[in-house]
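Source file: input.pdb (PDB, C-alpha atoms and all ligand atoms)
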```pdb
ATOM      1  CA  MET A   1      28.804  81.472 -61.027
ATOM      2  CA  ARG A   2      32.414  80.327 -61.360
ATOM      3  CA  HIS A   3      35.018  82.194 -63.390
ATOM      4  CA  LEU A   4      38.772  81.844 -63.914
ATOM      5  CA  LEU A   5      39.888  85.468 -63.976
ATOM      6  CA  ASN A   6      43.030  85.132 -61.919
ATOM      7  CA  LEU A   7      44.681  82.250 -60.056
ATOM      8  CA  ILE A   8      44.937  84.378 -56.940
ATOM      9  CA  ASP A   9      41.180  84.011 -56.336
ATOM     10  CA  GLN A  10      41.197  80.202 -56.550
ATOM     11  CA  ASP A  11      41.767  78.051 -53.499
ATOM     12  CA  THR A  12      44.471  75.397 -53.349
ATOM     13  CA  GLU A  13      41.910  72.604 -53.433
ATOM     14  CA  THR A  14      40.468  73.875 -56.737
ATOM     15  CA  ILE A  15      43.933  74.112 -58.306
ATOM     16  CA  ARG A  16      44.752  70.568 -57.181
ATOM     17  CA  HIS A  17      41.409  69.323 -58.527
ATOM     18  CA  ILE A  18      42.059  70.912 -61.954
ATOM     19  CA  LEU A  19      45.580  69.419 -62.111
ATOM     20  CA  LYS A  20      44.300  65.967 -61.205
ATOM     21  CA  GLU A  21      41.550  66.118 -63.827
ATOM     22  CA  ALA A  22      44.014  67.443 -66.422
ATOM     23  CA  ALA A  23      46.242  64.405 -65.861
ATOM     24  CA  ARG A  24      43.226  62.118 -66.196
ATOM     25  CA  LEU A  25      42.070  63.845 -69.403
ATOM     26  CA  LYS A  26      45.577  63.627 -70.845
ATOM     27  CA  SER A  27      45.811  59.893 -70.257
ATOM     28  CA  GLU A  28      42.343  59.365 -71.750
ATOM     29  CA  VAL A  29      43.395  61.131 -74.955
ATOM     30  CA  ALA A  30      46.551  58.985 -75.066
ATOM     31  CA  ARG A  31      44.286  55.902 -74.975
ATOM     32  CA  GLY A  32      42.092  57.371 -77.720
ATOM     33  CA  GLU A  33      39.167  58.004 -75.331
ATOM     34  CA  PHE A  34      37.199  61.215 -75.703
ATOM     35  CA  ARG A  35      34.569  62.413 -73.217
ATOM     36  CA  GLN A  36      31.514  64.268 -74.486
ATOM     37  CA  SER A  37      31.254  66.576 -71.480
ATOM     38  CA  LEU A  38      30.792  69.730 -73.595
ATOM     39  CA  LYS A  39      28.194  68.230 -75.927
ATOM     40  CA  ASN A  40      25.711  70.941 -76.995
ATOM     41  CA  LYS A  41      27.918  73.645 -75.426
ATOM     42  CA  ILE A  42      29.303  76.582 -77.376
ATOM     43  CA  ILE A  43      32.359  78.445 -76.143
ATOM     44  CA  ALA A  44      33.320  81.826 -77.606
ATOM     45  CA  LEU A  45      36.881  83.126 -77.743
ATOM     46  CA  VAL A  46      37.328  86.893 -78.026
ATOM     47  CA  PHE A  47      40.968  87.933 -78.377
ATOM     48  CA  GLU A  48      42.384  91.467 -78.468
ATOM     49  CA  LYS A  49      45.949  90.122 -78.899
ATOM     50  CA  PRO A  50      47.574  87.472 -81.132
ATOM     51  CA  SER A  51      47.773  83.832 -80.040
ATOM     52  CA  LEU A  52      48.756  80.383 -81.219
ATOM     53  CA  ARG A  53      48.724  78.136 -78.144
ATOM     54  CA  THR A  54      45.812  79.634 -76.241
ATOM     55  CA  ARG A  55      43.465  79.848 -79.195
ATOM     56  CA  VAL A  56      44.242  76.487 -80.773
ATOM     57  CA  SER A  57      44.519  74.530 -77.518
ATOM     58  CA  PHE A  58      41.140  75.864 -76.381
ATOM     59  CA  GLU A  59      39.443  75.255 -79.733
ATOM     60  CA  ALA A  60      40.940  71.757 -80.121
ATOM     61  CA  GLY A  61      40.163  70.852 -76.487
ATOM     62  CA  ILE A  62      36.568  72.063 -76.797
ATOM     63  CA  ASN A  63      36.125  69.979 -79.937
ATOM     64  CA  GLN A  64      37.642  66.922 -78.247
ATOM     65  CA  LEU A  65      35.015  67.250 -75.498
ATOM     66  CA  GLY A  66      32.177  67.354 -78.028
ATOM     67  CA  GLY A  67      31.615  71.111 -77.824
ATOM     68  CA  THR A  68      31.761  73.880 -80.417
ATOM     69  CA  SER A  69      34.043  76.905 -80.372
ATOM     70  CA  LEU A  70      33.818  80.205 -82.160
ATOM     71  CA  PHE A  71      36.440  82.914 -82.448
ATOM     72  CA  GLN A  72      36.014  86.649 -82.727
ATOM     73  CA  ALA A  73      38.854  89.181 -83.020
ATOM     74  CA  GLY A  74      38.749  91.793 -80.285
ATOM     75  CA  ASN A  75      39.014  94.734 -82.679
ATOM     76  CA  GLU A  76      35.811  93.629 -84.412
ATOM     77  CA  VAL A  77      33.921  93.369 -81.132
ATOM     78  CA  GLY A  78      35.485  96.546 -79.713
ATOM     79  CA  LEU A  79      35.227  95.588 -76.046
ATOM     80  CA  GLY A  80      34.261  98.721 -74.111
ATOM     81  CA  VAL A  81      34.587 100.787 -77.313
ATOM     82  CA  ARG A  82      31.884  99.676 -79.750
ATOM     83  CA  GLU A  83      29.648  99.044 -76.773
ATOM     84  CA  SER A  84      30.032  98.876 -73.005
ATOM     85  CA  LEU A  85      31.483  95.793 -71.299
ATOM     86  CA  ALA A  86      28.139  95.345 -69.536
ATOM     87  CA  ASP A  87      26.155  95.336 -72.797
ATOM     88  CA  PHE A  88      28.652  92.975 -74.434
ATOM     89  CA  ALA A  89      28.521  90.588 -71.470
ATOM     90  CA  ARG A  90      24.735  90.515 -71.187
ATOM     91  CA  THR A  91      24.334  89.930 -74.925
ATOM     92  CA  ILE A  92      26.952  87.216 -75.483
ATOM     93  CA  SER A  93      25.806  85.373 -72.340
ATOM     94  CA  GLN A  94      22.611  84.509 -74.199
ATOM     95  CA  TYR A  95      24.330  82.951 -77.197
ATOM     96  CA  VAL A  96      27.118  80.834 -75.759
ATOM     97  CA  ASN A  97      27.888  78.802 -72.618
ATOM     98  CA  ALA A  98      31.331  80.168 -71.705
ATOM     99  CA  LEU A  99      33.731  82.875 -72.788
ATOM    100  CA  VAL A 100      37.532  82.910 -73.145
ATOM    101  CA  LEU A 101      39.049  86.395 -73.286
ATOM    102  CA  ARG A 102      42.537  87.598 -74.217
ATOM    103  CA  VAL A 103      42.798  91.282 -73.428
ATOM    104  CA  PHE A 104      45.076  94.146 -72.521
ATOM    105  CA  LYS A 105      43.533  95.278 -69.238
ATOM    106  CA  GLN A 106      42.656  92.884 -66.420
ATOM    107  CA  SER A 107      39.747  95.262 -65.693
ATOM    108  CA  THR A 108      38.212  94.228 -69.058
ATOM    109  CA  VAL A 109      38.011  90.561 -67.957
ATOM    110  CA  GLU A 110      36.671  91.569 -64.564
ATOM    111  CA  GLY A 111      34.188  94.083 -65.975
ATOM    112  CA  ILE A 112      32.765  91.477 -68.361
ATOM    113  CA  ALA A 113      32.584  88.790 -65.666
ATOM    114  CA  GLN A 114      30.637  91.159 -63.431
ATOM    115  CA  TYR A 115      27.775  91.347 -65.946
ATOM    116  CA  SER A 116      28.079  87.901 -67.470
ATOM    117  CA  SER A 117      25.735  85.027 -66.669
ATOM    118  CA  ILE A 118      28.182  82.493 -68.136
ATOM    119  CA  PRO A 119      31.693  81.485 -66.923
ATOM    120  CA  VAL A 120      34.520  83.757 -68.073
ATOM    121  CA  ILE A 121      38.109  82.526 -68.512
ATOM    122  CA  ASN A 122      41.102  84.828 -68.668
ATOM    123  CA  GLY A 123      43.223  83.642 -71.602
ATOM    124  CA  LEU A 124      45.868  86.302 -70.765
ATOM    125  CA  SER A 125      45.746  89.927 -69.705
ATOM    126  CA  ASP A 126      48.580  92.398 -69.125
ATOM    127  CA  THR A 127      48.808  91.200 -65.509
ATOM    128  CA  ALA A 128      47.716  87.544 -65.427
ATOM    129  CA  HIS A 129      47.898  84.300 -67.404
ATOM    130  CA  PRO A 130      46.195  81.724 -65.178
ATOM    131  CA  CYS A 131      45.761  79.001 -67.846
ATOM    132  CA  GLN A 132      49.490  79.134 -68.523
ATOM    133  CA  ALA A 133      50.365  78.797 -64.834
ATOM    134  CA  LEU A 134      48.099  75.737 -64.492
ATOM    135  CA  ALA A 135      49.818  74.058 -67.463
ATOM    136  CA  ASP A 136      53.202  74.977 -65.961
ATOM    137  CA  LEU A 137      52.294  73.315 -62.664
ATOM    138  CA  GLN A 138      51.083  70.210 -64.485
ATOM    139  CA  THR A 139      54.385  70.065 -66.387
ATOM    140  CA  ILE A 140      56.493  70.471 -63.237
ATOM    141  CA  GLU A 141      54.541  67.685 -61.538
ATOM    142  CA  GLU A 142      55.069  65.410 -64.548
ATOM    143  CA  CYS A 143      58.811  66.172 -64.619
ATOM    144  CA  PHE A 144      59.507  65.416 -60.974
ATOM    145  CA  GLY A 145      56.590  63.176 -59.999
ATOM    146  CA  THR A 146      55.725  65.631 -57.234
ATOM    147  CA  LEU A 147      55.389  69.345 -56.607
ATOM    148  CA  LYS A 148      56.899  68.968 -53.146
ATOM    149  CA  ASN A 149      60.265  70.614 -52.450
ATOM    150  CA  GLN A 150      60.565  72.155 -55.913
ATOM    151  CA  THR A 151      62.082  75.576 -56.577
ATOM    152  CA  VAL A 152      61.054  77.583 -59.630
ATOM    153  CA  VAL A 153      63.463  80.335 -60.647
ATOM    154  CA  PHE A 154      61.922  82.781 -63.101
ATOM    155  CA  VAL A 155      64.690  84.687 -64.910
ATOM    156  CA  GLY A 156      63.177  87.710 -66.632
ATOM    157  CA  ASP A 157      60.376  90.238 -66.374
ATOM    158  CA  GLY A 158      57.959  90.151 -63.414
ATOM    159  CA  ASN A 159      55.162  90.055 -66.007
ATOM    160  CA  ASN A 160      51.743  88.387 -66.392
ATOM    161  CA  VAL A 161      53.269  84.893 -66.771
ATOM    162  CA  ALA A 162      55.642  85.335 -63.808
ATOM    163  CA  ARG A 163      52.884  86.688 -61.555
ATOM    164  CA  SER A 164      50.406  83.881 -62.223
ATOM    165  CA  LEU A 165      53.132  81.272 -61.821
ATOM    166  CA  ALA A 166      54.302  82.841 -58.546
ATOM    167  CA  VAL A 167      50.723  82.659 -57.277
ATOM    168  CA  GLY A 168      50.292  79.033 -58.391
ATOM    169  CA  CYS A 169      53.585  78.079 -56.767
ATOM    170  CA  GLY A 170      52.696  79.932 -53.571
ATOM    171  CA  LYS A 171      49.323  78.209 -53.329
ATOM    172  CA  LEU A 172      50.890  74.762 -53.807
ATOM    173  CA  GLY A 173      53.885  75.289 -51.526
ATOM    174  CA  ILE A 174      56.521  75.518 -54.272
ATOM    175  CA  LYS A 175      59.373  77.964 -53.721
ATOM    176  CA  PHE A 176      59.380  80.775 -56.300
ATOM    177  CA  ILE A 177      62.328  83.069 -56.967
ATOM    178  CA  LEU A 178      62.241  86.005 -59.390
ATOM    179  CA  SER A 179      65.556  87.122 -60.860
ATOM    180  CA  CYS A 180      65.089  90.368 -62.786
ATOM    181  CA  PRO A 181      66.832  93.670 -63.419
ATOM    182  CA  ASN A 182      66.072  96.644 -61.243
ATOM    183  CA  GLY A 183      62.699  98.120 -62.254
ATOM    184  CA  TYR A 184      61.112  94.833 -63.380
ATOM    185  CA  SER A 185      60.161  93.346 -59.992
ATOM    186  CA  PHE A 186      56.633  92.417 -58.999
ATOM    187  CA  PRO A 187      54.655  95.598 -58.410
ATOM    188  CA  LYS A 188      53.665  96.635 -54.874
ATOM    189  CA  ASP A 189      49.919  96.141 -55.395
ATOM    190  CA  PHE A 190      50.523  92.562 -56.600
ATOM    191  CA  LEU A 191      52.689  91.756 -53.557
ATOM    192  CA  GLU A 192      50.125  93.301 -51.237
ATOM    193  CA  GLU A 193      47.366  91.101 -52.745
ATOM    194  CA  TYR A 194      49.729  88.100 -52.654
ATOM    195  CA  SER A 195      50.337  88.589 -48.928
ATOM    196  CA  ARG A 196      46.551  88.736 -48.292
ATOM    197  CA  LYS A 197      45.458  85.878 -50.567
ATOM    198  CA  VAL A 198      48.433  83.539 -50.942
ATOM    199  CA  SER A 199      50.992  83.744 -48.149
ATOM    200  CA  ALA A 200      52.649  86.171 -45.785
ATOM    201  CA  THR A 201      55.955  84.843 -47.133
ATOM    202  CA  LEU A 202      56.442  86.766 -50.358
ATOM    203  CA  PRO A 203      58.164  85.362 -53.478
ATOM    204  CA  GLU A 204      61.922  85.783 -53.114
ATOM    205  CA  GLU A 205      63.819  88.129 -55.423
ATOM    206  CA  ILE A 206      67.493  87.569 -56.252
ATOM    207  CA  ARG A 207      69.081  90.158 -58.536
ATOM    208  CA  ASP A 208      71.981  87.990 -59.761
ATOM    209  CA  PRO A 209      70.657  85.180 -62.023
ATOM    210  CA  ALA A 210      73.775  83.020 -61.457
ATOM    211  CA  GLN A 211      73.085  83.136 -57.712
ATOM    212  CA  ALA A 212      69.316  82.589 -58.198
ATOM    213  CA  VAL A 213      69.547  79.400 -60.286
ATOM    214  CA  LYS A 214      71.850  77.590 -57.824
ATOM    215  CA  ARG A 215      68.889  75.917 -56.105
ATOM    216  CA  ALA A 216      66.580  75.648 -59.132
ATOM    217  CA  SER A 217      64.518  72.591 -60.012
ATOM    218  CA  VAL A 218      63.086  74.693 -62.848
ATOM    219  CA  ILE A 219      64.477  77.677 -64.720
ATOM    220  CA  TYR A 220      61.636  79.540 -66.398
ATOM    221  CA  THR A 221      61.805  82.437 -68.777
ATOM    222  CA  ASP A 222      59.484  84.453 -71.021
ATOM    223  CA  VAL A 223      59.932  87.230 -73.580
ATOM    224  CA  TRP A 224      61.433  90.475 -72.332
ATOM    225  CA  THR A 225      58.917  92.526 -74.318
ATOM    226  CA  SER A 226      55.341  91.393 -73.884
ATOM    227  CA  MET A 227      52.472  92.072 -76.279
ATOM    228  CA  GLY A 228      51.572  95.751 -75.970
ATOM    229  CA  GLN A 229      55.071  96.832 -74.833
ATOM    230  CA  GLU A 230      56.636  96.994 -78.314
ATOM    231  CA  ASP A 231      57.601 100.674 -77.847
ATOM    232  CA  GLU A 232      59.907  99.679 -74.974
ATOM    233  CA  LYS A 233      61.698  96.953 -76.934
ATOM    234  CA  ALA A 234      65.081  98.682 -77.447
ATOM    235  CA  GLN A 235      65.321  99.695 -73.792
ATOM    236  CA  ARG A 236      64.290  96.236 -72.588
ATOM    237  CA  LEU A 237      66.876  94.522 -74.829
ATOM    238  CA  ARG A 238      69.550  96.608 -73.088
ATOM    239  CA  GLU A 239      68.239  96.202 -69.553
ATOM    240  CA  PHE A 240      67.659  92.431 -69.728
ATOM    241  CA  ALA A 241      70.925  91.606 -71.527
ATOM    242  CA  ALA A 242      72.454  90.001 -68.416
ATOM    243  CA  TYR A 243      69.320  87.879 -67.858
ATOM    244  CA  GLN A 244      69.551  85.573 -70.876
ATOM    245  CA  VAL A 245      68.968  81.889 -70.109
ATOM    246  CA  ASN A 246      72.037  80.500 -71.871
ATOM    247  CA  GLU A 247      74.367  77.527 -71.484
ATOM    248  CA  ALA A 248      76.609  79.371 -68.998
ATOM    249  CA  LEU A 249      73.674  80.177 -66.715
ATOM    250  CA  VAL A 250      72.185  76.665 -66.898
ATOM    251  CA  ALA A 251      75.619  75.248 -65.971
ATOM    252  CA  LYS A 252      75.281  77.019 -62.585
ATOM    253  CA  ALA A 253      72.037  75.130 -61.782
ATOM    254  CA  PRO A 254      71.657  71.593 -60.388
ATOM    255  CA  LYS A 255      72.225  68.843 -63.001
ATOM    256  CA  ASP A 256      68.590  67.716 -63.208
ATOM    257  CA  VAL A 257      67.200  71.241 -63.756
ATOM    258  CA  ARG A 258      64.376  71.575 -66.310
ATOM    259  CA  ILE A 259      63.847  74.528 -68.605
ATOM    260  CA  LEU A 260      60.367  75.954 -69.098
ATOM    261  CA  HIS A 261      59.155  78.762 -71.362
ATOM    262  CA  CYS A 262      55.515  79.625 -72.046
ATOM    263  CA  LEU A 263      56.334  80.368 -75.731
ATOM    264  CA  PRO A 264      56.434  82.142 -78.101
ATOM    265  CA  ALA A 265      60.213  82.386 -77.572
ATOM    266  CA  HIS A 266      62.491  85.032 -78.978
ATOM    267  CA  ARG A 267      65.517  82.844 -79.499
ATOM    268  CA  ASP A 268      68.845  84.432 -78.696
ATOM    269  CA  GLU A 269      67.094  87.155 -76.714
ATOM    270  CA  GLU A 270      65.749  85.677 -73.430
ATOM    271  CA  ILE A 271      66.856  82.111 -74.248
ATOM    272  CA  THR A 272      69.493  80.592 -76.535
ATOM    273  CA  ASP A 273      68.769  78.013 -79.204
ATOM    274  CA  GLY A 274      71.133  75.640 -77.420
ATOM    275  CA  VAL A 275      69.164  75.790 -74.147
ATOM    276  CA  ILE A 276      65.665  75.590 -75.618
ATOM    277  CA  GLU A 277      66.742  72.619 -77.772
ATOM    278  CA  SER A 278      68.621  70.871 -74.939
ATOM    279  CA  PRO A 279      67.395  67.656 -73.273
ATOM    280  CA  ALA A 280      66.591  69.710 -70.141
ATOM    281  CA  SER A 281      63.973  71.723 -72.037
ATOM    282  CA  VAL A 282      60.338  70.622 -71.700
ATOM    283  CA  VAL A 283      58.753  73.552 -73.528
ATOM    284  CA  PHE A 284      56.703  71.482 -75.981
ATOM    285  CA  GLN A 285      55.429  69.131 -73.262
ATOM    286  CA  GLN A 286      54.466  72.329 -71.427
ATOM    287  CA  ALA A 287      52.693  73.698 -74.536
ATOM    288  CA  ALA A 288      50.821  70.393 -74.953
ATOM    289  CA  ASN A 289      49.578  70.603 -71.371
ATOM    290  CA  ARG A 290      47.753  73.858 -72.117
ATOM    291  CA  MET A 291      45.060  71.828 -73.855
ATOM    292  CA  HIS A 292      44.674  69.202 -71.139
ATOM    293  CA  VAL A 293      44.528  71.669 -68.271
ATOM    294  CA  GLN A 294      42.077  73.951 -70.099
ATOM    295  CA  LYS A 295      39.768  71.008 -70.754
ATOM    296  CA  ALA A 296      39.789  70.416 -67.001
ATOM    297  CA  VAL A 297      39.074  74.131 -66.405
ATOM    298  CA  LEU A 298      36.102  74.033 -68.791
ATOM    299  CA  GLU A 299      34.650  70.948 -67.115
ATOM    300  CA  TRP A 300      35.098  72.549 -63.694
ATOM    301  CA  LEU A 301      33.456  75.810 -64.804
ATOM    302  CA  LEU A 302      30.580  74.199 -66.668
ATOM    303  CA  GLY A 303      29.746  71.890 -63.813
ATOM    304  CA  ASN A 304      30.906  68.599 -65.273
ATOM    305  CA  GLY A 305      34.118  68.075 -63.381
TER     306      GLY A 305
HETATM  307  N1  LIG A 401      51.799  80.774 -74.164
HETATM  308  C1  LIG A 401      50.788  81.351 -74.822
HETATM  309  O1  LIG A 401      49.811  81.843 -74.243
HETATM  310  O2  LIG A 401      50.928  81.336 -76.174
HETATM  311  P1  LIG A 401      50.036  82.141 -77.234
HETATM  312  O3  LIG A 401      50.319  83.616 -77.006
HETATM  313  O4  LIG A 401      50.495  81.676 -78.576
HETATM  314  O5  LIG A 401      48.593  81.836 -76.981
HETATM  315  N1  LIG A 402      54.369  87.794 -71.422
HETATM  316  C1  LIG A 402      53.951  87.417 -72.766
HETATM  317  C2  LIG A 402      53.318  86.072 -72.730
HETATM  318  C3  LIG A 402      52.868  85.542 -74.062
HETATM  319  C4  LIG A 402      52.196  84.205 -73.940
HETATM  320  C5  LIG A 402      53.006  88.464 -73.306
HETATM  321  O1  LIG A 402      52.139  88.934 -72.558
HETATM  322  O2  LIG A 402      53.147  88.844 -74.474
END
```
Would you mind writing the file's structure down as structure tokens?
Ligand code: CP
Ligand code: NVA
Amino acid sequence: MRHLLNLIDQDTETIRHILKEAARLKSEVARGEFRQSLKNKIIALVFEKPSLRTRVSFEAGINQLGGTSLFQAGNEVGLGVRESLADFARTISQYVNALVLRVFKQSTVEGIAQYSSIPVINGLSDTAHPCQALADLQTIEECFGTLKNQTVVFVGDGNNVARSLAVGCGKLGIKFILSCPNGYSFPKDFLEEYSRKVSATLPEEIRDPAQAVKRASVIYTDVWTSMGQEDEKAQRLREFAAYQVNEALVAKAPKDVRILHCLPAHRDEEITDGVIESPASVVFQQAANRMHVQKAVLEWLLGNG
């Protein structure tokens, strides 16, 4: 049984396969060709947190492949509250062919996968966002024609998006630098797992963003306050103030640098309007790739690709 719970448990070959298939699926859609690889398959989405991109790109992609999607809000299902994760997993496994989860705790995704007889996809947890990282890698490859010799500089919180991207970069040989304020680095347990499963060379951390972006092919940022951290917002606004991706920071990077952001963006917090709207920004190409890469993930998990 295959799952996509976390990029750290996927081998490099699998990631490369998904990226290659995603590119193929994208070009088929551009030619108006639609595969029917999910015909007679039903995929359920159960989300404990809000979403635009993840929900709609999965549902649209599933429909494009001839499948059916259904959505259930997490608070109605009450994962681990209304009933145990094991009971939920064993029940839903009999109705649908795959499950996409957006949750708070990574242990919820893992607990469900343990008892599920269908593939489980992590559509974001507090610590991982593997579908996002795959779309990011696809976007970087499209921008530069190759993933070789690229340097991704993530300016912001060492959060779910940063961690999955660091893992994806590490597995594909891309240099990853995190530039964050003191207290927002990658946690020790993540780095310990990274050193066991990705590489003994850990992601670099450079405190000063102006120094960090000097070698960047990509400057990446994400919100300073993630879903579930709303109580910390005022403190985070203060502590991240020097980490805004603005025109002055981008001017310190190489001329052909590209700007990525997983979205949703909080304009004039982590990124300025001017930067996100600049020709260097590829955020909507990146958002579009969520659908293509997730179609490739579904085909891989359901045995058609
Ligand atoms: N990037 C991303 O996952 O967006 P949503 O939260 O809108 O799904
Ligand atoms: N780090 C953000 C990503 C949203 C797609 C969050 O978890 O809210």
Open item on the list: How would you report the residues lying within 8 Å of ligand LIG 402 (chain A), as a ChimeraX atom specification, if you count all atoms listed in the file?
Closed with: /A:51,124-126,129,132,159-161,222-228,262-264
Carefully work through the PyMOL selection byres (((not hetatm)) within 12 of (chain A and resi 401)) for this structure and note down the residues it includes, as a CSV table (one decimal) with C-alpha atoms, in the frame of the given file.
```csv
chain,number,residue,atom,x,y,z
A,45,LEU,CA,36.9,83.1,-77.7
A,47,PHE,CA,41.0,87.9,-78.4
A,48,GLU,CA,42.4,91.5,-78.5
A,49,LYS,CA,45.9,90.1,-78.9
A,50,PRO,CA,47.6,87.5,-81.1
A,51,SER,CA,47.8,83.8,-80.0
A,52,LEU,CA,48.8,80.4,-81.2
A,53,ARG,CA,48.7,78.1,-78.1
A,54,THR,CA,45.8,79.6,-76.2
A,55,ARG,CA,43.5,79.8,-79.2
A,56,VAL,CA,44.2,76.5,-80.8
A,57,SER,CA,44.5,74.5,-77.5
A,58,PHE,CA,41.1,75.9,-76.4
A,59,GLU,CA,39.4,75.3,-79.7
A,100,VAL,CA,37.5,82.9,-73.1
A,101,LEU,CA,39.0,86.4,-73.3
A,102,ARG,CA,42.5,87.6,-74.2
A,103,VAL,CA,42.8,91.3,-73.4
A,122,ASN,CA,41.1,84.8,-68.7
A,123,GLY,CA,43.2,83.6,-71.6
A,124,LEU,CA,45.9,86.3,-70.8
A,125,SER,CA,45.7,89.9,-69.7
A,126,ASP,CA,48.6,92.4,-69.1
A,128,ALA,CA,47.7,87.5,-65.4
A,129,HIS,CA,47.9,84.3,-67.4
A,130,PRO,CA,46.2,81.7,-65.2
A,131,CYS,CA,45.8,79.0,-67.8
A,132,GLN,CA,49.5,79.1,-68.5
A,133,ALA,CA,50.4,78.8,-64.8
A,134,LEU,CA,48.1,75.7,-64.5
A,135,ALA,CA,49.8,74.1,-67.5
A,136,ASP,CA,53.2,75.0,-66.0
A,160,ASN,CA,51.7,88.4,-66.4
A,161,VAL,CA,53.3,84.9,-66.8
A,162,ALA,CA,55.6,85.3,-63.8
A,221,THR,CA,61.8,82.4,-68.8
A,222,ASP,CA,59.5,84.5,-71.0
A,223,VAL,CA,59.9,87.2,-73.6
A,226,SER,CA,55.3,91.4,-73.9
A,227,MET,CA,52.5,92.1,-76.3
A,260,LEU,CA,60.4,76.0,-69.1
A,261,HIS,CA,59.2,78.8,-71.4
A,262,CYS,CA,55.5,79.6,-72.0
A,263,LEU,CA,56.3,80.4,-75.7
A,264,PRO,CA,56.4,82.1,-78.1
A,265,ALA,CA,60.2,82.4,-77.6
A,283,VAL,CA,58.8,73.6,-73.5
A,284,PHE,CA,56.7,71.5,-76.0
A,286,GLN,CA,54.5,72.3,-71.4
A,287,ALA,CA,52.7,73.7,-74.5
A,288,ALA,CA,50.8,70.4,-75.0
A,289,ASN,CA,49.6,70.6,-71.4
A,290,ARG,CA,47.8,73.9,-72.1
A,291,MET,CA,45.1,71.8,-73.9
A,294,GLN,CA,42.1,74.0,-70.1
```
TODO: Using the chain letters and numbers from the file, give me the residues hit by the PyMOL selection byres (((chain A and resi 244) around 7) and not hetatm), as a count of residues only.
DONE: 8
Task: Residue members of the PyMOL selection byres (((chain A and resi 66) around 6) and not hetatm) in the file shown, as an NGL selection string - done: :A and (36 or 38-39 or 63-65 or 67)
Suppose we keep C-alpha atoms; can you now write the selection as a PDB file, in the frame of the given file?
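File written: result_14.pdb
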```
ATOM      1  CA  GLN A  36      31.514  64.268 -74.486  1.00  0.00           C
ATOM      2  CA  LEU A  38      30.792  69.730 -73.595  1.00  0.00           C
ATOM      3  CA  LYS A  39      28.194  68.230 -75.927  1.00  0.00           C
ATOM      4  CA  ASN A  63      36.125  69.979 -79.937  1.00  0.00           C
ATOM      5  CA  GLN A  64      37.642  66.922 -78.247  1.00  0.00           C
ATOM      6  CA  LEU A  65      35.015  67.250 -75.498  1.00  0.00           C
ATOM      7  CA  GLY A  67      31.615  71.111 -77.824  1.00  0.00           C
TER       8      GLY A  67
END
```
Open item on the list: My list of candidates is A:Val257, A:Ala113, A:Ile276, A:Val77. Which is closest to Cys143 of chain A when distances are computed with only C-alpha atoms?
Closed with: A:Val257
- [ ] Name the closest residue to Ala98 of chain A among the candidates A:Ile43, A:Val155, A:Ala86, A:Ile177; distances are taken between atoms, counting all atoms listed in the file.
- [x] A:Ile43
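Distance-wise, atom CA of Ile219 of chain A and atom CA of Ile18 of chain A end up 23.6 Å apart.
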Could the centre and edge lengths of an axis-aligned box, enclosing all atoms of segment 84-89 of chain A in the file with 3 Å extra on each side, be given in Å to one decimal as JSON?
```
{"center_x": 28.8, "center_y": 94.7, "center_z": -72.0, "size_x": 11.3, "size_y": 14.3, "size_z": 10.9}
```
Task: Using all atoms listed in the file: which of A:Arg31, A:Lys175, A:Lys148, A:His266 has the shortest distance to Thr201 of chain A - done: A:Lys175
Task: Within 8 Å of Phe176 of chain A using all atoms listed in the file, minus same-chain residues under 4 positions, as a ChimeraX atom specification - done: /A:151-154,166,169-170,203-204
Task: Straight-line distance linking atom CA of Glu299 of chain A with atom CA of Gly173 of chain A, stated in Å to one decimal - done: 25.1 Å
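Take atom CA of Gln106 of chain A and atom CA of Lys20 of chain A: the distance between them is 27.5 Å.
Using all atoms listed in the file, the residues found no farther than 10 Å from Gln114 of chain A, other than those of its own chain fewer than 6 positions away, are His3, Leu85, Ala86, Ala89, Arg90, Thr108 and Val120 of chain A.
Minimum atom-to-atom distance to Ile118 of chain A, evaluated using all atoms listed in the file, belongs to A:Leu301 out of A:Leu172, A:Ala216, A:Ala253, A:Leu301.
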